[in-house]
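Reproduced below: input-v5.csv, with CSV, N, CA, C and O atoms.
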```
chain,number,residue,atom,x,y,z
A,1,MET,N,129.1,104.0,127.3
A,1,MET,CA,128.4,104.6,126.2
A,1,MET,C,129.4,105.6,125.5
A,1,MET,O,130.0,106.4,126.2
A,2,GLU,N,129.3,105.7,124.2
A,2,GLU,CA,130.1,106.7,123.5
A,2,GLU,C,129.1,107.6,122.8
A,2,GLU,O,128.2,107.2,122.1
A,3,PHE,N,129.4,108.9,122.9
A,3,PHE,CA,128.6,109.9,122.1
A,3,PHE,C,129.1,109.9,120.7
A,3,PHE,O,130.3,109.9,120.4
A,4,VAL,N,128.1,109.9,119.7
A,4,VAL,CA,128.5,109.9,118.3
A,4,VAL,C,127.6,111.0,117.6
A,4,VAL,O,126.6,111.4,118.1
A,5,ARG,N,128.2,111.5,116.5
A,5,ARG,CA,127.6,112.5,115.8
A,5,ARG,C,127.8,112.3,114.3
A,5,ARG,O,129.0,112.0,113.9
A,6,ARG,N,126.8,112.5,113.5
A,6,ARG,CA,127.0,112.3,112.0
A,6,ARG,C,126.3,113.6,111.4
A,6,ARG,O,125.1,113.8,111.5
A,7,GLU,N,127.2,114.4,110.7
A,7,GLU,CA,126.7,115.6,110.1
A,7,GLU,C,126.4,115.3,108.6
A,7,GLU,O,127.2,114.6,108.0
A,8,VAL,N,125.3,115.8,108.1
A,8,VAL,CA,124.9,115.6,106.8
A,8,VAL,C,124.6,116.9,106.1
A,8,VAL,O,123.8,117.8,106.7
A,9,ARG,N,125.1,117.1,104.9
A,9,ARG,CA,124.8,118.4,104.2
A,9,ARG,C,123.7,118.0,103.2
A,9,ARG,O,123.8,117.3,102.3
A,10,LEU,N,122.5,118.6,103.5
A,10,LEU,CA,121.3,118.3,102.7
A,10,LEU,C,121.1,119.3,101.6
A,10,LEU,O,120.4,119.0,100.6
A,11,GLY,N,121.6,120.5,101.7
A,11,GLY,CA,121.4,121.5,100.7
A,11,GLY,C,120.1,122.3,100.9
A,11,GLY,O,119.3,121.9,101.8
A,12,ALA,N,119.9,123.3,100.2
A,12,ALA,CA,118.8,124.2,100.4
A,12,ALA,C,117.4,123.6,100.0
A,12,ALA,O,116.4,123.9,100.7
A,13,ARG,N,117.3,122.9,99.0
A,13,ARG,CA,116.0,122.4,98.5
A,13,ARG,C,115.9,120.9,98.5
A,13,ARG,O,115.5,120.2,97.6
A,14,PHE,N,116.4,120.3,99.7
A,14,PHE,CA,116.4,118.8,99.8
A,14,PHE,C,115.0,118.3,99.7
A,14,PHE,O,114.0,119.0,100.0
A,15,ASN,N,114.8,117.0,99.4
A,15,ASN,CA,113.5,116.4,99.4
A,15,ASN,C,113.4,115.4,100.5
A,15,ASN,O,114.3,115.2,101.3
A,16,ARG,N,112.2,114.8,100.7
A,16,ARG,CA,112.0,113.9,101.8
A,16,ARG,C,113.0,112.7,101.8
A,16,ARG,O,113.5,112.3,102.8
A,17,GLU,N,113.3,112.2,100.6
A,17,GLU,CA,114.2,111.1,100.4
A,17,GLU,C,115.6,111.4,101.0
A,17,GLU,O,116.2,110.6,101.7
A,18,ALA,N,116.1,112.6,100.7
A,18,ALA,CA,117.4,113.0,101.2
A,18,ALA,C,117.4,113.1,102.7
A,18,ALA,O,118.3,112.7,103.3
A,19,PHE,N,116.3,113.7,103.3
A,19,PHE,CA,116.2,113.8,104.7
A,19,PHE,C,116.2,112.4,105.3
A,19,PHE,O,117.0,112.1,106.3
A,20,GLU,N,115.4,111.5,104.8
A,20,GLU,CA,115.2,110.2,105.4
A,20,GLU,C,116.5,109.4,105.2
A,20,GLU,O,116.8,108.5,106.0
A,21,ASP,N,117.2,109.6,104.1
A,21,ASP,CA,118.5,108.9,103.8
A,21,ASP,C,119.5,109.3,104.9
A,21,ASP,O,120.3,108.5,105.4
A,22,GLY,N,119.6,110.6,105.2
A,22,GLY,CA,120.5,111.0,106.2
A,22,GLY,C,120.2,110.4,107.6
A,22,GLY,O,121.1,110.0,108.3
A,23,PHE,N,118.9,110.3,107.9
A,23,PHE,CA,118.5,109.7,109.2
A,23,PHE,C,118.8,108.2,109.2
A,23,PHE,O,119.4,107.7,110.1
A,24,SER,N,118.5,107.6,108.1
A,24,SER,CA,118.8,106.1,108.0
A,24,SER,C,120.3,105.8,108.0
A,24,SER,O,120.7,104.8,108.5
A,25,ALA,N,121.1,106.7,107.4
A,25,ALA,CA,122.6,106.5,107.4
A,25,ALA,C,123.1,106.4,108.9
A,25,ALA,O,124.0,105.7,109.2
A,26,PHE,N,122.6,107.3,109.7
A,26,PHE,CA,123.0,107.2,111.1
A,26,PHE,C,122.6,105.9,111.7
A,26,PHE,O,123.4,105.2,112.4
A,27,LYS,N,121.4,105.4,111.5
A,27,LYS,CA,120.9,104.1,112.0
A,27,LYS,C,121.8,103.0,111.5
A,27,LYS,O,122.1,102.0,112.2
A,28,ARG,N,122.1,103.0,110.2
A,28,ARG,CA,122.9,102.0,109.6
A,28,ARG,C,124.3,102.0,110.2
A,28,ARG,O,124.9,100.9,110.5
A,29,THR,N,124.9,103.1,110.4
A,29,THR,CA,126.3,103.2,110.9
A,29,THR,C,126.4,102.8,112.3
A,29,THR,O,127.3,102.0,112.7
A,30,TYR,N,125.5,103.2,113.2
A,30,TYR,CA,125.6,102.9,114.6
A,30,TYR,C,124.6,101.9,115.2
A,30,TYR,O,124.7,101.6,116.4
A,31,ASN,N,123.7,101.4,114.4
A,31,ASN,CA,122.7,100.4,114.7
A,31,ASN,C,121.8,100.9,115.9
A,31,ASN,O,121.3,100.1,116.7
A,32,VAL,N,121.6,102.2,116.0
A,32,VAL,CA,120.6,102.8,116.9
A,32,VAL,C,120.0,104.0,116.3
A,32,VAL,O,120.7,104.6,115.4
A,33,ALA,N,118.9,104.4,116.8
A,33,ALA,CA,118.3,105.7,116.3
A,33,ALA,C,119.0,106.8,117.0
A,33,ALA,O,119.5,106.7,118.1
A,34,PRO,N,119.1,108.0,116.4
A,34,PRO,CA,119.7,109.1,117.1
A,34,PRO,C,118.8,109.6,118.2
A,34,PRO,O,117.6,109.3,118.2
A,35,LEU,N,119.4,110.3,119.2
A,35,LEU,CA,118.7,110.8,120.3
A,35,LEU,C,118.1,112.2,119.9
A,35,LEU,O,117.1,112.6,120.5
A,36,ARG,N,118.8,112.9,119.0
A,36,ARG,CA,118.3,114.2,118.6
A,36,ARG,C,118.9,114.6,117.2
A,36,ARG,O,120.0,114.0,116.9
A,37,ALA,N,118.3,115.5,116.5
A,37,ALA,CA,118.9,116.0,115.3
A,37,ALA,C,119.0,117.6,115.4
A,37,ALA,O,118.0,118.2,115.7
A,38,LEU,N,120.2,118.1,115.3
A,38,LEU,CA,120.5,119.5,115.3
A,38,LEU,C,120.3,120.0,113.9
A,38,LEU,O,121.0,119.5,113.0
A,39,CYS,N,119.5,121.0,113.7
A,39,CYS,CA,119.2,121.5,112.4
A,39,CYS,C,119.5,123.0,112.2
A,39,CYS,O,119.2,123.8,113.0
A,40,ALA,N,120.1,123.3,111.0
A,40,ALA,CA,120.2,124.7,110.6
A,40,ALA,C,118.8,125.2,110.5
A,40,ALA,O,117.9,124.5,110.1
A,41,PRO,N,118.6,126.5,110.7
A,41,PRO,CA,117.2,127.1,110.6
A,41,PRO,C,116.6,126.8,109.3
A,41,PRO,O,115.4,126.5,109.2
A,42,ASP,N,117.3,126.8,108.2
A,42,ASP,CA,116.7,126.6,106.9
A,42,ASP,C,116.3,125.1,106.7
A,42,ASP,O,115.3,124.8,106.0
A,43,VAL,N,117.0,124.2,107.4
A,43,VAL,CA,116.6,122.8,107.4
A,43,VAL,C,115.2,122.6,108.1
A,43,VAL,O,114.4,121.9,107.6
A,44,LEU,N,115.1,123.3,109.2
A,44,LEU,CA,113.8,123.2,110.0
A,44,LEU,C,112.7,123.7,109.1
A,44,LEU,O,111.6,123.1,109.0
A,45,ALA,N,112.9,124.9,108.5
A,45,ALA,CA,111.8,125.4,107.6
A,45,ALA,C,111.5,124.5,106.5
A,45,ALA,O,110.3,124.3,106.2
A,46,ARG,N,112.5,123.9,105.8
A,46,ARG,CA,112.2,123.0,104.7
A,46,ARG,C,111.5,121.7,105.2
A,46,ARG,O,110.7,121.2,104.5
A,47,PHE,N,112.0,121.2,106.4
A,47,PHE,CA,111.3,120.1,107.0
A,47,PHE,C,109.8,120.3,107.1
A,47,PHE,O,109.0,119.5,106.8
A,48,CYS,N,109.5,121.5,107.6
A,48,CYS,CA,108.1,121.9,107.8
A,48,CYS,C,107.3,121.9,106.4
A,48,CYS,O,106.2,121.5,106.4
A,49,GLU,N,108.0,122.4,105.4
A,49,GLU,CA,107.4,122.4,104.1
A,49,GLU,C,107.1,121.0,103.6
A,49,GLU,O,106.0,120.7,103.1
A,50,LEU,N,108.1,120.1,103.8
A,50,LEU,CA,108.0,118.8,103.2
A,50,LEU,C,107.0,117.9,104.0
A,50,LEU,O,106.4,117.0,103.5
A,51,TYR,N,106.9,118.1,105.3
A,51,TYR,CA,106.1,117.3,106.2
A,51,TYR,C,104.8,117.9,106.7
A,51,TYR,O,104.2,117.5,107.6
A,52,GLY,N,104.4,119.0,106.0
A,52,GLY,CA,103.1,119.6,106.2
A,52,GLY,C,103.0,120.4,107.5
A,52,GLY,O,101.9,120.4,108.1
A,53,ARG,N,104.1,120.9,108.0
A,53,ARG,CA,104.0,121.7,109.2
A,53,ARG,C,104.0,123.2,108.9
A,53,ARG,O,104.6,123.6,107.9
A,54,ARG,N,103.4,124.0,109.7
A,54,ARG,CA,103.5,125.5,109.5
A,54,ARG,C,104.9,125.9,109.7
A,54,ARG,O,105.5,125.7,110.7
A,55,ASP,N,105.5,126.7,108.8
A,55,ASP,CA,106.8,127.1,109.0
A,55,ASP,C,107.0,128.6,109.4
A,55,ASP,O,108.0,129.1,109.6
A,56,ASP,N,105.8,129.3,109.5
A,56,ASP,CA,105.9,130.7,109.9
A,56,ASP,C,106.4,130.9,111.3
A,56,ASP,O,106.9,132.0,111.7
A,57,ARG,N,106.2,129.9,112.1
A,57,ARG,CA,106.6,130.0,113.5
A,57,ARG,C,107.6,128.9,113.9
A,57,ARG,O,107.7,128.5,115.1
A,58,VAL,N,108.3,128.4,112.9
A,58,VAL,CA,109.2,127.2,113.2
A,58,VAL,C,110.2,127.4,114.3
A,58,VAL,O,110.4,126.5,115.1
A,59,HIS,N,110.7,128.6,114.5
A,59,HIS,CA,111.7,128.8,115.6
A,59,HIS,C,111.0,128.8,116.9
A,59,HIS,O,111.7,128.6,117.9
A,60,GLN,N,109.8,129.1,117.0
A,60,GLN,CA,109.1,129.1,118.3
A,60,GLN,C,108.7,127.7,118.7
A,60,GLN,O,108.6,127.4,119.9
A,61,TYR,N,108.4,126.8,117.8
A,61,TYR,CA,108.0,125.4,118.2
A,61,TYR,C,109.0,124.3,117.8
A,61,TYR,O,108.6,123.2,117.8
A,62,SER,N,110.2,124.7,117.4
A,62,SER,CA,111.1,123.7,116.9
A,62,SER,C,111.4,122.6,117.9
A,62,SER,O,111.7,121.5,117.5
A,63,LEU,N,111.3,122.9,119.2
A,63,LEU,CA,111.6,121.8,120.2
A,63,LEU,C,110.5,120.8,120.2
A,63,LEU,O,110.7,119.7,120.7
A,64,ARG,N,109.4,121.0,119.5
A,64,ARG,CA,108.3,120.1,119.5
A,64,ARG,C,108.3,119.3,118.1
A,64,ARG,O,107.4,118.5,117.9
A,65,LEU,N,109.2,119.6,117.2
A,65,LEU,CA,109.2,118.9,116.0
A,65,LEU,C,109.9,117.6,116.2
A,65,LEU,O,111.0,117.5,116.8
A,66,HIS,N,109.4,116.5,115.6
A,66,HIS,CA,110.0,115.2,115.7
A,66,HIS,C,109.9,114.5,114.3
A,66,HIS,O,109.0,114.7,113.5
A,67,PHE,N,110.9,113.6,114.1
A,67,PHE,CA,110.9,112.7,113.0
A,67,PHE,C,111.2,111.3,113.6
A,67,PHE,O,112.2,111.1,114.2
A,68,GLU,N,110.2,110.4,113.5
A,68,GLU,CA,110.3,109.1,114.0
A,68,GLU,C,110.7,109.1,115.5
A,68,GLU,O,111.6,108.5,116.0
A,69,GLN,N,110.0,110.0,116.3
A,69,GLN,CA,110.2,110.2,117.7
A,69,GLN,C,111.5,110.8,118.1
A,69,GLN,O,111.8,110.9,119.3
A,70,VAL,N,112.3,111.3,117.1
A,70,VAL,CA,113.6,112.0,117.4
A,70,VAL,C,113.3,113.5,117.3
A,70,VAL,O,112.9,114.0,116.3
A,71,PRO,N,113.6,114.2,118.4
A,71,PRO,CA,113.4,115.6,118.3
A,71,PRO,C,114.3,116.4,117.4
A,71,PRO,O,115.5,116.0,117.2
A,72,LEU,N,113.8,117.3,116.6
A,72,LEU,CA,114.6,118.2,115.7
A,72,LEU,C,114.7,119.5,116.5
A,72,LEU,O,113.7,120.1,116.8
A,73,VAL,N,116.0,119.9,116.6
A,73,VAL,CA,116.3,121.1,117.4
A,73,VAL,C,117.0,122.1,116.6
A,73,VAL,O,118.0,121.8,115.9
A,74,ALA,N,116.6,123.4,116.7
A,74,ALA,CA,117.3,124.4,116.0
A,74,ALA,C,118.7,124.6,116.5
A,74,ALA,O,118.9,124.5,117.8
A,75,ALA,N,119.7,124.9,115.7
A,75,ALA,CA,121.1,125.0,116.1
A,75,ALA,C,121.8,126.0,115.1
A,75,ALA,O,121.4,126.2,114.0
A,76,VAL,N,122.9,126.6,115.6
A,76,VAL,CA,123.7,127.4,114.7
A,76,VAL,C,124.6,126.5,113.9
A,76,VAL,O,125.5,125.9,114.5
A,77,MET,N,124.3,126.4,112.7
A,77,MET,CA,125.0,125.5,111.8
A,77,MET,C,125.0,126.1,110.4
A,77,MET,O,124.2,127.0,110.1
A,78,ALA,N,125.9,125.6,109.6
A,78,ALA,CA,125.9,126.0,108.2
A,78,ALA,C,124.6,125.7,107.5
A,78,ALA,O,123.9,124.7,107.8
A,79,PRO,N,124.1,126.6,106.6
A,79,PRO,CA,122.9,126.4,105.9
A,79,PRO,C,122.8,125.0,105.3
A,79,PRO,O,123.8,124.5,104.7
A,80,GLY,N,121.7,124.4,105.3
A,80,GLY,CA,121.5,123.1,104.7
A,80,GLY,C,122.1,121.9,105.4
A,80,GLY,O,122.1,120.8,104.9
A,81,THR,N,122.5,122.1,106.7
A,81,THR,CA,123.1,121.1,107.4
A,81,THR,C,122.3,120.6,108.6
A,81,THR,O,121.6,121.3,109.2
A,82,ILE,N,122.4,119.2,108.8
A,82,ILE,CA,121.8,118.6,110.0
A,82,ILE,C,122.8,117.7,110.6
A,82,ILE,O,123.6,117.1,109.9
A,83,ALA,N,122.8,117.6,111.9
A,83,ALA,CA,123.7,116.7,112.6
A,83,ALA,C,122.8,115.8,113.5
A,83,ALA,O,122.1,116.2,114.4
A,84,PHE,N,123.0,114.5,113.3
A,84,PHE,CA,122.3,113.5,114.1
A,84,PHE,C,123.2,113.1,115.2
A,84,PHE,O,124.4,112.8,115.0
A,85,GLU,N,122.7,113.1,116.5
A,85,GLU,CA,123.6,112.7,117.6
A,85,GLU,C,122.9,111.6,118.4
A,85,GLU,O,121.7,111.5,118.5
A,86,GLY,N,123.8,110.8,119.0
A,86,GLY,CA,123.3,109.7,119.8
A,86,GLY,C,124.3,109.1,120.7
A,86,GLY,O,125.5,109.6,120.7
A,87,GLU,N,124.0,108.0,121.3
A,87,GLU,CA,124.9,107.3,122.2
A,87,GLU,C,124.9,105.8,121.7
A,87,GLU,O,123.9,105.2,121.4
A,88,VAL,N,126.1,105.2,121.7
A,88,VAL,CA,126.3,103.9,121.2
A,88,VAL,C,127.1,103.1,122.3
A,88,VAL,O,128.1,103.6,122.8
A,89,ASP,N,126.7,101.9,122.6
A,89,ASP,CA,127.4,101.0,123.5
A,89,ASP,C,128.7,100.6,122.7
A,89,ASP,O,128.6,99.9,121.7
A,90,GLU,N,129.9,101.0,123.2
A,90,GLU,CA,131.1,100.7,122.6
A,90,GLU,C,131.3,99.2,122.3
A,90,GLU,O,131.9,98.8,121.3
A,91,GLU,N,130.8,98.4,123.2
A,91,GLU,CA,131.0,96.9,123.1
A,91,GLU,C,130.2,96.4,122.0
A,91,GLU,O,130.5,95.3,121.4
A,92,ARG,N,129.1,97.0,121.6
A,92,ARG,CA,128.2,96.5,120.6
A,92,ARG,C,128.4,97.1,119.3
A,92,ARG,O,127.8,96.6,118.3
A,93,MET,N,129.2,98.1,119.2
A,93,MET,CA,129.5,98.7,117.9
A,93,MET,C,130.1,97.6,117.0
A,93,MET,O,131.0,97.0,117.3
A,94,GLY,N,129.5,97.5,115.8
A,94,GLY,CA,130.0,96.5,114.8
A,94,GLY,C,129.4,95.2,115.0
A,94,GLY,O,129.7,94.3,114.2
A,95,ASP,N,128.5,94.9,116.0
A,95,ASP,CA,127.9,93.6,116.2
A,95,ASP,C,126.7,93.4,115.3
A,95,ASP,O,126.0,92.5,115.5
A,96,TRP,N,126.5,94.3,114.4
A,96,TRP,CA,125.3,94.1,113.6
A,96,TRP,C,125.7,93.6,112.2
A,96,TRP,O,125.2,93.2,111.4
```
File written out as C-alpha cells:
Amino acid sequence: MEFVRREVRLGARFNREAFEDGFSAFKRTYNVAPLRALCAPDVLARFCELYGRRDDRVHQYSLRLHFEQVPLVAAVMAPGTIAFEGEVDEERMGDW
C-alpha cells in the first residue's frame, strides 16, 4: 500500500460544490475514498455552516465530523486548505 495525499485550496468562502469537487478529485485520481481529511480551522467552520452543523464548538467535536463516512480532522494548515489522505494499492493504481 502507498500513502497518498491531495491538498486542495478551497478559499475562505467556498461552497458545497467546491468541497465536494475536492473530495471527488481524490476519488477520481486514486480510485478509492480518502481515509481522512485534514482541515484548516476555517475550513471546518465553513463546513459546519454549509452542512448545518453548529460551528461555535467546532474545535471540540471536529473528530466527530464526517463527510461520506470520511472523518474531518482539524490540522495546522494554511487558511482555506484541506488535505485528503488515503492508501492506494500500488498494483491497482491506474487500473480504472
For this session: Using all atoms listed in the file, determine which residues lie at most 5 Å from stretch 5-16 of chain A, disregarding the query and same-chain residues fewer than 5 positions distant; provide the list as a list in words.
Result: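 Returned residues: Asp21, Gly80, Thr81, Ile82, Ala83, Phe84 and Glu85 of chain A.
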Exercise. Which is closer to A:Val4 than all the others in A:Val88, A:Val43, A:Leu50, A:Leu72, using all atoms listed in the file?
Worked result: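 The answer is A:Val88, which sits nearest to A:Val4.
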For this session: Using backbone DSSP assignments, extract all strand (DSSP E) residues from chain A; output them as a list in words.
Result: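 Restricting chain A to strand (DSSP E) produces Glu2, Phe3, Val4, Arg5, Arg6, Glu7, Val8, Arg9, Arg36, Ala37, Leu38, Cys39, His66, Phe67, Val70, Pro71, Leu72, Val73, Ala74, Thr81, Ile82, Ala83, Phe84, Glu85, Gly86, Glu87 and Val88 of chain A.
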Problem set entry | Residue nearest A:Leu65 among A:Phe3, A:Phe26, A:Phe19, A:Phe47 (counting only C-alpha atoms) |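 Among the listed residues, A:Phe47 lies closest to A:Leu65.
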Exercise. Atom N of A:Lys27 to atom CA of A:Glu49: how many Å, to one decimal?
Worked result: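 Atom CA of A:Glu49 lies at a distance of 23.2 Å from atom N of A:Lys27.
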For this session: DSSP on the backbone, then: every residue of stretch 7-85 of chain A marked helix (DSSP H, G or I), written as an MDAnalysis selection string.
Result: chainID A and resid 16:30 41:50 58:64
Exercise. What is the atom CA of A:Ala75-atom CA of A:Arg36 distance in Å, reported with one decimal?
Worked result: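 These two atoms are separated by 11.4 Å.
Take atom C of A:Glu91 and atom N of A:Phe23: the distance between them is 22.8 Å.
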Exercise. Looking at A:Ala25, A:Ala18, A:Met1, A:Ala33, which one is nearest to A:Arg46, with distances taken over only C-alpha atoms?
Worked result: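 Ranked by minimum distance to A:Arg46, first place goes to A:Ala18.
Using all atoms listed in the file, the smallest distance between any of A:Tyr30, A:Val70, A:Pro79, A:Glu20 and A:Asp42 comes from A:Pro79.
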Exercise. Nearest to A:Ala78: which of A:Pro41, A:Arg28, A:Glu2, A:Gly22 is it, counting all atoms listed in the file?
Worked result: A:Pro41
Exercise. Closest to A:Met77 among A:Ser24, A:Asn31, A:Glu17, A:Ala37, using only C-alpha atoms?
Worked result: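 Smallest separation from A:Met77 among the options: A:Ala37.
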Would you fill the gaps in stretch 24-34 of chain A so it has all heavy atoms, then print it as a PDB file, in the coordinates of the input?
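Result written to out27.pdb:
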```
ATOM      1  N   SER A  24     118.500 107.600 108.100  1.00  0.00           N
ATOM      2  CA  SER A  24     118.800 106.100 108.000  1.00  0.00           C
ATOM      3  C   SER A  24     120.300 105.800 108.000  1.00  0.00           C
ATOM      4  O   SER A  24     120.700 104.800 108.500  1.00  0.00           O
ATOM      5  CB  SER A  24     118.217 105.552 106.665  1.00  0.00           C
ATOM      6  OG  SER A  24     116.818 105.633 106.719  1.00  0.00           O
ATOM      7  N   ALA A  25     121.100 106.700 107.400  1.00  0.00           N
ATOM      8  CA  ALA A  25     122.600 106.500 107.400  1.00  0.00           C
ATOM      9  C   ALA A  25     123.100 106.400 108.900  1.00  0.00           C
ATOM     10  O   ALA A  25     124.000 105.700 109.200  1.00  0.00           O
ATOM     11  CB  ALA A  25     123.265 107.613 106.650  1.00  0.00           C
ATOM     12  N   PHE A  26     122.600 107.300 109.700  1.00  0.00           N
ATOM     13  CA  PHE A  26     123.000 107.200 111.100  1.00  0.00           C
ATOM     14  C   PHE A  26     122.600 105.900 111.700  1.00  0.00           C
ATOM     15  O   PHE A  26     123.400 105.200 112.400  1.00  0.00           O
ATOM     16  CB  PHE A  26     122.311 108.353 111.945  1.00  0.00           C
ATOM     17  CG  PHE A  26     122.755 108.394 113.386  1.00  0.00           C
ATOM     18  CD1 PHE A  26     123.790 109.223 113.764  1.00  0.00           C
ATOM     19  CD2 PHE A  26     122.143 107.604 114.355  1.00  0.00           C
ATOM     20  CE1 PHE A  26     124.212 109.264 115.091  1.00  0.00           C
ATOM     21  CE2 PHE A  26     122.546 107.640 115.682  1.00  0.00           C
ATOM     22  CZ  PHE A  26     123.592 108.472 116.046  1.00  0.00           C
ATOM     23  N   LYS A  27     121.400 105.400 111.500  1.00  0.00           N
ATOM     24  CA  LYS A  27     120.900 104.100 112.000  1.00  0.00           C
ATOM     25  C   LYS A  27     121.800 103.000 111.500  1.00  0.00           C
ATOM     26  O   LYS A  27     122.100 102.000 112.200  1.00  0.00           O
ATOM     27  CB  LYS A  27     119.465 103.943 111.752  1.00  0.00           C
ATOM     28  CG  LYS A  27     118.594 104.851 112.609  1.00  0.00           C
ATOM     29  CD  LYS A  27     117.126 104.849 112.271  1.00  0.00           C
ATOM     30  CE  LYS A  27     116.482 103.541 112.092  1.00  0.00           C
ATOM     31  NZ  LYS A  27     115.012 103.638 111.910  1.00  0.00           N
ATOM     32  N   ARG A  28     122.100 103.000 110.200  1.00  0.00           N
ATOM     33  CA  ARG A  28     122.900 102.000 109.600  1.00  0.00           C
ATOM     34  C   ARG A  28     124.300 102.000 110.200  1.00  0.00           C
ATOM     35  O   ARG A  28     124.900 100.900 110.500  1.00  0.00           O
ATOM     36  CB  ARG A  28     123.025 102.117 108.099  1.00  0.00           C
ATOM     37  CG  ARG A  28     121.830 101.626 107.337  1.00  0.00           C
ATOM     38  CD  ARG A  28     122.111 101.549 105.842  1.00  0.00           C
ATOM     39  NE  ARG A  28     122.679 102.764 105.283  1.00  0.00           N
ATOM     40  CZ  ARG A  28     121.990 103.822 104.861  1.00  0.00           C
ATOM     41  NH1 ARG A  28     120.665 103.821 104.965  1.00  0.00           N
ATOM     42  NH2 ARG A  28     122.589 104.859 104.330  1.00  0.00           N
ATOM     43  N   THR A  29     124.900 103.100 110.400  1.00  0.00           N
ATOM     44  CA  THR A  29     126.300 103.200 110.900  1.00  0.00           C
ATOM     45  C   THR A  29     126.400 102.800 112.300  1.00  0.00           C
ATOM     46  O   THR A  29     127.300 102.000 112.700  1.00  0.00           O
ATOM     47  CB  THR A  29     126.780 104.680 110.775  1.00  0.00           C
ATOM     48  OG1 THR A  29     126.709 105.072 109.402  1.00  0.00           O
ATOM     49  CG2 THR A  29     128.210 104.807 111.268  1.00  0.00           C
ATOM     50  N   TYR A  30     125.500 103.200 113.200  1.00  0.00           N
ATOM     51  CA  TYR A  30     125.600 102.900 114.600  1.00  0.00           C
ATOM     52  C   TYR A  30     124.600 101.900 115.200  1.00  0.00           C
ATOM     53  O   TYR A  30     124.700 101.600 116.400  1.00  0.00           O
ATOM     54  CB  TYR A  30     125.430 104.266 115.388  1.00  0.00           C
ATOM     55  CG  TYR A  30     126.483 105.261 114.988  1.00  0.00           C
ATOM     56  CD1 TYR A  30     126.161 106.402 114.257  1.00  0.00           C
ATOM     57  CD2 TYR A  30     127.821 105.053 115.308  1.00  0.00           C
ATOM     58  CE1 TYR A  30     127.131 107.311 113.881  1.00  0.00           C
ATOM     59  CE2 TYR A  30     128.801 105.955 114.943  1.00  0.00           C
ATOM     60  CZ  TYR A  30     128.450 107.079 114.229  1.00  0.00           C
ATOM     61  OH  TYR A  30     129.416 107.973 113.850  1.00  0.00           O
ATOM     62  N   ASN A  31     123.700 101.400 114.400  1.00  0.00           N
ATOM     63  CA  ASN A  31     122.700 100.400 114.700  1.00  0.00           C
ATOM     64  C   ASN A  31     121.800 100.900 115.900  1.00  0.00           C
ATOM     65  O   ASN A  31     121.300 100.100 116.700  1.00  0.00           O
ATOM     66  CB  ASN A  31     123.398  99.121 115.119  1.00  0.00           C
ATOM     67  CG  ASN A  31     122.464  97.947 115.041  1.00  0.00           C
ATOM     68  OD1 ASN A  31     121.540  97.923 114.241  1.00  0.00           O
ATOM     69  ND2 ASN A  31     122.682  96.965 115.885  1.00  0.00           N
ATOM     70  N   VAL A  32     121.600 102.200 116.000  1.00  0.00           N
ATOM     71  CA  VAL A  32     120.600 102.800 116.900  1.00  0.00           C
ATOM     72  C   VAL A  32     120.000 104.000 116.300  1.00  0.00           C
ATOM     73  O   VAL A  32     120.700 104.600 115.400  1.00  0.00           O
ATOM     74  CB  VAL A  32     121.283 103.186 118.280  1.00  0.00           C
ATOM     75  CG1 VAL A  32     121.796 101.989 119.040  1.00  0.00           C
ATOM     76  CG2 VAL A  32     122.369 104.209 118.078  1.00  0.00           C
ATOM     77  N   ALA A  33     118.900 104.400 116.800  1.00  0.00           N
ATOM     78  CA  ALA A  33     118.300 105.700 116.300  1.00  0.00           C
ATOM     79  C   ALA A  33     119.000 106.800 117.000  1.00  0.00           C
ATOM     80  O   ALA A  33     119.500 106.700 118.100  1.00  0.00           O
ATOM     81  CB  ALA A  33     116.810 105.730 116.602  1.00  0.00           C
ATOM     82  N   PRO A  34     119.100 108.000 116.400  1.00  0.00           N
ATOM     83  CA  PRO A  34     119.700 109.100 117.100  1.00  0.00           C
ATOM     84  C   PRO A  34     118.800 109.600 118.200  1.00  0.00           C
ATOM     85  O   PRO A  34     117.600 109.300 118.200  1.00  0.00           O
ATOM     86  CB  PRO A  34     119.811 110.204 115.968  1.00  0.00           C
ATOM     87  CG  PRO A  34     118.876 109.780 114.903  1.00  0.00           C
ATOM     88  CD  PRO A  34     118.705 108.303 115.008  1.00  0.00           C
TER      89      PRO A  34
END
```
